[in-house]
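Single-structure report; data block below.
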Amino acid sequence: MKSNCNRYLWFLCTGLLLIAVLVLAGCSAADRISDGSAKGESSSGQQAATDKKLVMAYTWKPSGVDPHGDNSWDVMRSGAGETLVRLNEKLEPVAWLAKNWKQDSPTVWTLSLQDKVTFHDGKSMDAASVKASLLRSIEKSHLAKDLLDVKSIDASGPLTLKITTNQPNAALVSNLADPSTIVLDVASMKDEQSYPAMTGAFKIKAFNKDQSLVVERFDGYWGEKARLAEATMKFITDGNSRLMALQSGEVDVATDIPVDNAEVLKKNDKLQVLSAPSVRTHMIVYNMGSPVFKDAANRQVVDSLIPRASIVSAVMRGYGTEASSPFPSILPFGKAERKALDGTPEQLLTKDGWQKDAQGTWTKQGKPFEVTLLTFPQRPELSVMAEVIQSQLLKEGIQVKIRKVENIDEALSKNDWDFAMYSMLTAHTGEPQYFMDTFYSSKSKANVSRYVSKPLEDILGRLKLAKNTAERNAVTLQALDIINTDLPQSFIVHPDNVFGVKKGVEGFTPHPIEYYYITAQSDIAK
């Protein structure tokens, strides 16, 4: 009995000792959690995963962050703004803030909106707020006004919007993807300094004019939450400066890098080059009020002398294709042909009263064929193209003076130039109407060539009334035939979108229309 009792006491003491050891171990673990050694490590690991920041060297300097105006594309690229419709990589309209739509009649459309969408100021998005936003965009942006051509907008239900257009507009849904129609809470725009409350995965944190735009994750986002905590768009207009910022590690992404340096980046094991075909066109715009280029024959001669093939190979390094119209041939309405010159340049100029002097320069009434060509730094390949064209025309006896300007659109609003390098997305809604209306309408501020053609404007009117895609494509090709005959512009190359990206950056995919840059999927390895 004594023996069993001793054995029992031995087991009891041993058990108590084991419990004490476990308690002490638990206290030790608790101590480590409280001083940050255990729980602190786990927490900081989670923080690191959600506190990632990306910096982008961005090509342009927006004047502000109001998306209903000239800065709409910049706001869209920041990931802060969204539209009712988004375009996929095939330039097809897909649901975004509108989950579906239907055409009730040639001029009436009904859109159903996404539920549980919250603006950055915490308010809920509904049909009434979207209506107010669209009406504001139409008031503030001539692009939105022209693209939508709205007669009325009605909130026919809490999440149902009815849009009635002035005339049939088959492109309405695609046009609702234009950044000028970004949806915002109108009440958030108290003054010019206000940051708009939009619906994107990011919200604006700070805008520093001429320096940067900073956005931060919006935790109340209705869709997939952003992987980045913050993204900064540094405004670096010079292409070589953007390249150096990427190479030095100052930025993680550089937009519109000089294509002649793409091979240099490919040799850097810390960087990569991303590219994709675009619907952008690099072109020459002629000033139809120029003493020289008001004559169609002179435009035709210059157009015929542009060495497009060598520009694609030598200047673009193969990152592009020759252009014969504003639209690339991958689009069904882009398969147009350039007009052949009726004779040689010499024959055409001689017929028009020009003659060569002793130095080989073409002159007319004692004045040389001398013209001013504008270019700008934001797209450095255009300045290289300008030099190539200058050299080619000089060989033919035409003198070109190149003048670089910081703001090309501001420079084109004046009249002290003859022709200019220019670049534009010509089908950024997957439709031809946007470019045609803004570039060729006599009433458009974007008609930088001051080109007026009654036959073309009649065709543009028919384009708006076209009932289906096949009809729209056929009408567009008729318009292109007039444009390629009159030559208010010379279309040179359809460039690829080319970006320099630090390895480890994910979710940054070049898109044909260029304004889906920072998204919820954007990420960077720590």
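Following the order of the structure tokens, chains are lettered A, B, ..., residues in each are numbered from 1, and ligands are numbered from 1.
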Check range 171-365 of chain A with DSSP on the backbone and list each residue it calls helix (DSSP H, G or I), as a CSV table (one decimal) with N, CA and C atoms, in the first residue's frame.
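Final output, result.csv:
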chain,number,residue,atom,x,y,z
A,172,LEU,N,-22.2,54.4,-79.2
A,172,LEU,CA,-22.4,55.0,-77.8
A,172,LEU,C,-21.7,54.2,-76.7
A,173,VAL,N,-22.0,52.9,-76.7
A,173,VAL,CA,-21.4,52.0,-75.7
A,173,VAL,C,-19.9,52.1,-75.7
A,174,SER,N,-19.3,51.9,-76.8
A,174,SER,CA,-17.8,52.0,-76.9
A,174,SER,C,-17.3,53.4,-76.4
A,175,ASN,N,-18.1,54.4,-76.8
A,175,ASN,CA,-17.7,55.8,-76.5
A,175,ASN,C,-17.8,56.0,-75.0
A,179,PRO,N,-12.2,58.2,-71.3
A,179,PRO,CA,-11.9,58.7,-70.0
A,179,PRO,C,-12.6,60.0,-69.6
A,180,SER,N,-13.0,60.7,-70.7
A,180,SER,CA,-13.7,62.0,-70.4
A,180,SER,C,-15.1,61.7,-69.7
A,181,THR,N,-15.5,60.5,-69.7
A,181,THR,CA,-16.8,60.1,-69.0
A,181,THR,C,-16.6,59.4,-67.7
A,186,VAL,N,-20.2,64.3,-58.0
A,186,VAL,CA,-20.2,65.7,-58.4
A,186,VAL,C,-20.0,66.6,-57.2
A,187,ALA,N,-20.6,66.3,-56.1
A,187,ALA,CA,-20.5,67.1,-54.9
A,187,ALA,C,-19.0,67.2,-54.4
A,188,SER,N,-18.2,66.3,-54.8
A,188,SER,CA,-16.8,66.3,-54.3
A,188,SER,C,-16.0,67.4,-55.0
A,239,GLY,N,12.3,61.8,-72.7
A,239,GLY,CA,12.4,60.4,-72.8
A,239,GLY,C,13.7,59.8,-72.3
A,240,ASN,N,14.8,60.5,-72.5
A,240,ASN,CA,16.1,60.0,-72.0
A,240,ASN,C,16.1,60.1,-70.5
A,241,SER,N,15.5,61.1,-69.9
A,241,SER,CA,15.5,61.3,-68.5
A,241,SER,C,14.6,60.1,-67.9
A,242,ARG,N,13.5,59.8,-68.5
A,242,ARG,CA,12.7,58.6,-68.0
A,242,ARG,C,13.6,57.4,-68.0
A,243,LEU,N,14.3,57.2,-69.1
A,243,LEU,CA,15.2,56.0,-69.2
A,243,LEU,C,16.2,55.9,-68.1
A,244,MET,N,16.9,57.1,-67.9
A,244,MET,CA,17.9,57.1,-66.8
A,244,MET,C,17.3,56.9,-65.4
A,245,ALA,N,16.1,57.4,-65.2
A,245,ALA,CA,15.4,57.2,-63.9
A,245,ALA,C,15.1,55.7,-63.7
A,246,LEU,N,14.8,55.0,-64.8
A,246,LEU,CA,14.6,53.5,-64.7
A,246,LEU,C,15.9,52.8,-64.4
A,247,GLN,N,16.9,53.2,-65.2
A,247,GLN,CA,18.2,52.5,-65.0
A,247,GLN,C,18.8,52.7,-63.7
A,259,VAL,N,12.8,54.1,-78.3
A,259,VAL,CA,12.9,52.7,-78.8
A,259,VAL,C,14.3,52.4,-79.2
A,260,ASP,N,15.1,53.4,-79.5
A,260,ASP,CA,16.5,53.1,-79.8
A,260,ASP,C,17.3,52.6,-78.6
A,261,ASN,N,16.7,52.7,-77.4
A,261,ASN,CA,17.4,52.2,-76.2
A,261,ASN,C,16.8,50.9,-75.7
A,262,ALA,N,15.8,50.4,-76.5
A,262,ALA,CA,15.2,49.2,-76.0
A,262,ALA,C,16.2,48.0,-75.9
A,263,GLU,N,17.1,47.9,-76.8
A,263,GLU,CA,18.1,46.8,-76.8
A,263,GLU,C,19.0,47.0,-75.6
A,264,VAL,N,19.3,48.2,-75.2
A,264,VAL,CA,20.1,48.4,-74.0
A,264,VAL,C,19.4,47.9,-72.8
A,265,LEU,N,18.1,48.2,-72.6
A,265,LEU,CA,17.4,47.7,-71.5
A,265,LEU,C,17.3,46.1,-71.5
A,266,LYS,N,17.2,45.5,-72.7
A,266,LYS,CA,17.1,44.1,-72.7
A,266,LYS,C,18.4,43.4,-72.2
A,296,ALA,N,-2.0,71.9,-102.2
A,296,ALA,CA,-2.1,70.4,-102.0
A,296,ALA,C,-0.9,69.8,-102.7
A,297,ALA,N,-0.4,70.3,-103.8
A,297,ALA,CA,0.7,69.7,-104.6
A,297,ALA,C,2.0,69.6,-103.7
A,298,ASN,N,2.2,70.7,-102.9
A,298,ASN,CA,3.4,70.7,-102.0
A,298,ASN,C,3.3,69.6,-100.9
A,299,ARG,N,2.1,69.5,-100.4
A,299,ARG,CA,1.8,68.4,-99.4
A,299,ARG,C,2.1,67.0,-100.0
A,300,GLN,N,1.6,66.8,-101.2
A,300,GLN,CA,1.7,65.6,-101.9
A,300,GLN,C,3.2,65.2,-102.1
A,301,VAL,N,4.0,66.2,-102.5
A,301,VAL,CA,5.4,66.0,-102.7
A,301,VAL,C,6.1,65.6,-101.4
A,302,VAL,N,5.9,66.3,-100.3
A,302,VAL,CA,6.5,66.0,-99.1
A,302,VAL,C,6.1,64.6,-98.6
A,303,ASP,N,4.8,64.3,-98.7
A,303,ASP,CA,4.3,63.0,-98.3
A,303,ASP,C,5.0,61.9,-99.1
A,304,SER,N,5.2,62.1,-100.4
A,304,SER,CA,5.9,61.0,-101.2
A,304,SER,C,7.3,60.8,-100.8
A,305,LEU,N,7.9,61.8,-100.2
A,305,LEU,CA,9.4,61.8,-99.9
A,305,LEU,C,9.7,61.2,-98.5
A,308,ARG,N,9.2,56.0,-95.1
A,308,ARG,CA,8.5,55.3,-94.0
A,308,ARG,C,9.2,54.0,-93.6
A,309,ALA,N,9.6,53.2,-94.7
A,309,ALA,CA,10.3,51.9,-94.4
A,309,ALA,C,11.5,52.1,-93.5
A,310,SER,N,12.4,53.0,-93.9
A,310,SER,CA,13.6,53.2,-93.1
A,310,SER,C,13.3,53.8,-91.7
A,311,ILE,N,12.2,54.5,-91.6
A,311,ILE,CA,11.8,55.0,-90.3
A,311,ILE,C,11.4,53.9,-89.4
A,312,VAL,N,10.6,52.9,-89.9
A,312,VAL,CA,10.2,51.8,-89.1
A,312,VAL,C,11.4,51.0,-88.7
A,313,SER,N,12.4,50.7,-89.6
A,313,SER,CA,13.5,49.9,-89.2
A,313,SER,C,14.6,50.6,-88.4
A,314,ALA,N,14.9,51.8,-88.8
A,314,ALA,CA,16.0,52.5,-88.2
A,314,ALA,C,15.6,53.3,-87.0
A,315,VAL,N,14.5,54.0,-87.1
A,315,VAL,CA,14.1,54.9,-85.9
A,315,VAL,C,13.3,54.1,-84.9
A,345,PRO,N,8.3,63.9,-108.0
A,345,PRO,CA,8.3,65.1,-107.2
A,345,PRO,C,8.8,66.3,-108.1
A,346,GLU,N,9.8,66.1,-108.9
A,346,GLU,CA,10.4,67.1,-109.7
A,346,GLU,C,9.3,67.6,-110.8
A,347,GLN,N,8.7,66.7,-111.4
A,347,GLN,CA,7.6,67.0,-112.3
A,347,GLN,C,6.5,67.8,-111.7
A,348,LEU,N,6.1,67.4,-110.5
A,348,LEU,CA,5.0,68.0,-109.9
A,348,LEU,C,5.3,69.5,-109.4
A,349,LEU,N,6.5,69.6,-108.9
A,349,LEU,CA,7.0,70.9,-108.4
A,349,LEU,C,7.2,71.9,-109.6
A,350,THR,N,7.8,71.4,-110.7
A,350,THR,CA,8.0,72.2,-111.9
A,350,THR,C,6.6,72.7,-112.5
A,351,LYS,N,5.7,71.7,-112.5
A,351,LYS,CA,4.4,72.1,-113.0
A,351,LYS,C,3.7,73.1,-112.2
If you run DSSP on the backbone here, which positions in range 264-342 of chain A get strand (DSSP E)? Please write them as a VMD selection string.
chain A and resid 271 to 277 280 to 286 320 to 322
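Of the listed residues (A:Lys367, A:Lys151, A:Arg317, A:Lys61), A:Lys61 comes nearest to Asn407 in chain A; the distances count only C-alpha atoms.
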What's the 10 Å shell around Asn166 in chain A, counting only C-alpha atoms, without same-chain residues fewer than 3 positions away, as number ranges by chain?
A: 107-108, 148-152, 169
Within 12 Å of range 507-511 of chain A, which residues of range 217-306 of chain A come that close, and what is the closest atom pair and distance in Å for each? Count only C-alpha atoms and give it as a tab-separated table.
residue	atom	partner	partner_atom	distance
A:Ala226	CA	A:Gly507	CA	10.9
A:Arg227	CA	A:Gly507	CA	9.7
A:Leu228	CA	A:Gly507	CA	10.7
A:Asp252	CA	A:Phe508	CA	10.7
A:Val253	CA	A:Phe508	CA	8.8
A:Ala254	CA	A:Phe508	CA	11.1
A:Thr255	CA	A:Pro510	CA	9.8
A:Asp256	CA	A:Pro510	CA	10.7
A:Gln272	CA	A:Phe508	CA	11.8
A:Val273	CA	A:Pro510	CA	10.5
A:Leu274	CA	A:Pro510	CA	6.9
A:Ser275	CA	A:Pro510	CA	6.2
A:Ala276	CA	A:Pro510	CA	6.0
A:Pro277	CA	A:His511	CA	8.2
A:Ser278	CA	A:His511	CA	7.4
A:Val279	CA	A:His511	CA	9.6
A:Arg280	CA	A:His511	CA	11.2
How many Å separate CA of Leu374 in chain A from CA of Gly64 in chain A?
25.8 Å
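Counting only C-alpha atoms, the residue from A:Pro258, A:Pro196, A:Gly122, A:Gly81 that sits nearest to Val384 in chain A is A:Pro258.
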Spatial neighbours of Glu230 in chain A, max dist 7 Å, only C-alpha atoms, sep filter under 6 positions, as an mmCIF file with N, CA and C atoms, in the first residue's frame:
data_model
loop_
_atom_site.group_PDB
_atom_site.id
_atom_site.type_symbol
_atom_site.label_atom_id
_atom_site.label_comp_id
_atom_site.auth_asym_id
_atom_site.auth_seq_id
_atom_site.Cartn_x
_atom_site.Cartn_y
_atom_site.Cartn_z
ATOM 1 N N LYS A 52 3.194 47.749 -50.371
ATOM 2 C CA LYS A 52 4.068 47.922 -51.523
ATOM 3 C C LYS A 52 3.764 49.221 -52.252
ATOM 4 N N LYS A 53 4.812 49.858 -52.736
ATOM 5 C CA LYS A 53 4.668 51.118 -53.461
ATOM 6 C C LYS A 53 5.379 51.018 -54.810
ATOM 7 N N LEU A 54 4.752 51.583 -55.836
ATOM 8 C CA LEU A 54 5.324 51.567 -57.180
ATOM 9 C C LEU A 54 5.490 53.004 -57.660
ATOM 10 N N VAL A 215 -1.334 58.189 -55.780
ATOM 11 C CA VAL A 215 -2.606 57.556 -55.431
ATOM 12 C C VAL A 215 -2.346 56.478 -54.393
ATOM 13 N N GLU A 216 -3.357 56.211 -53.571
ATOM 14 C CA GLU A 216 -3.248 55.187 -52.541
ATOM 15 C C GLU A 216 -4.420 54.224 -52.620
ATOM 16 N N ARG A 217 -4.229 53.032 -52.079
ATOM 17 C CA ARG A 217 -5.257 52.008 -52.133
ATOM 18 C C ARG A 217 -6.553 52.512 -51.494
#
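CA of Ile138 in chain A is positioned 28.7 Å from CA of Gly334 in chain A.
Here CA of Tyr515 in chain A stands at a distance of 17.4 Å from CA of His282 in chain A.
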Report as a PyMOL selection string all protein, DNA and RNA residues lying within 7 Å of range 431-446 of chain A, evaluated on only C-alpha atoms, omitting residues in the same chain fewer than 4 positions from it.
chain A and resi 147+171+426-427+451-452+457
Please provide as a list in words all residues within 6 Å of Thr372 in chain A, with the sequence filter that same-chain residues fewer than 5 positions apart are discarded (counting only C-alpha atoms).
Val400, Lys401, Ile402, Trp417 and Asp418 of chain A
Give me, as CSV, the closest atom pair and its distance (Å, one decimal) for every residue of range 419-486 of chain A within a cut-off of 8 Å of range 85-94 of chain A, counting only C-alpha atoms, rows sorted by chain and rising number.
residue,atom,partner,partner_atom,distance
A:His428,CA,A:Leu91,CA,8.0
A:Thr429,CA,A:Leu91,CA,6.9
A:Gly430,CA,A:Leu91,CA,5.0
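Comparing A:Pro488, A:Pro326, A:Pro377, A:Gly79 by their smallest distance to Trp60 in chain A, the closest is A:Pro377 (using only C-alpha atoms).
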As number ranges by chain, please: the residues near Phe376 in chain A (cut-off 7 Å, only C-alpha atoms, same-chain neighbours under 3 positions excluded).
A: 379, 383, 404-406, 408
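Counting only C-alpha atoms, the residue from A:Asp126, A:Asp238, A:Asp154, A:Asp104 that sits nearest to Tyr58 in chain A is A:Asp238.
Distances here use only C-alpha atoms; by that measure, the residue among A:Asp70, A:Asp121, A:Asp342, A:Asp178 closest to Ala144 in chain A is A:Asp178.
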Which is closest to Asp146 in chain A among A:Leu176, A:Pro307, A:Ile459, A:Pro495, if we use only C-alpha atoms?
A:Leu176
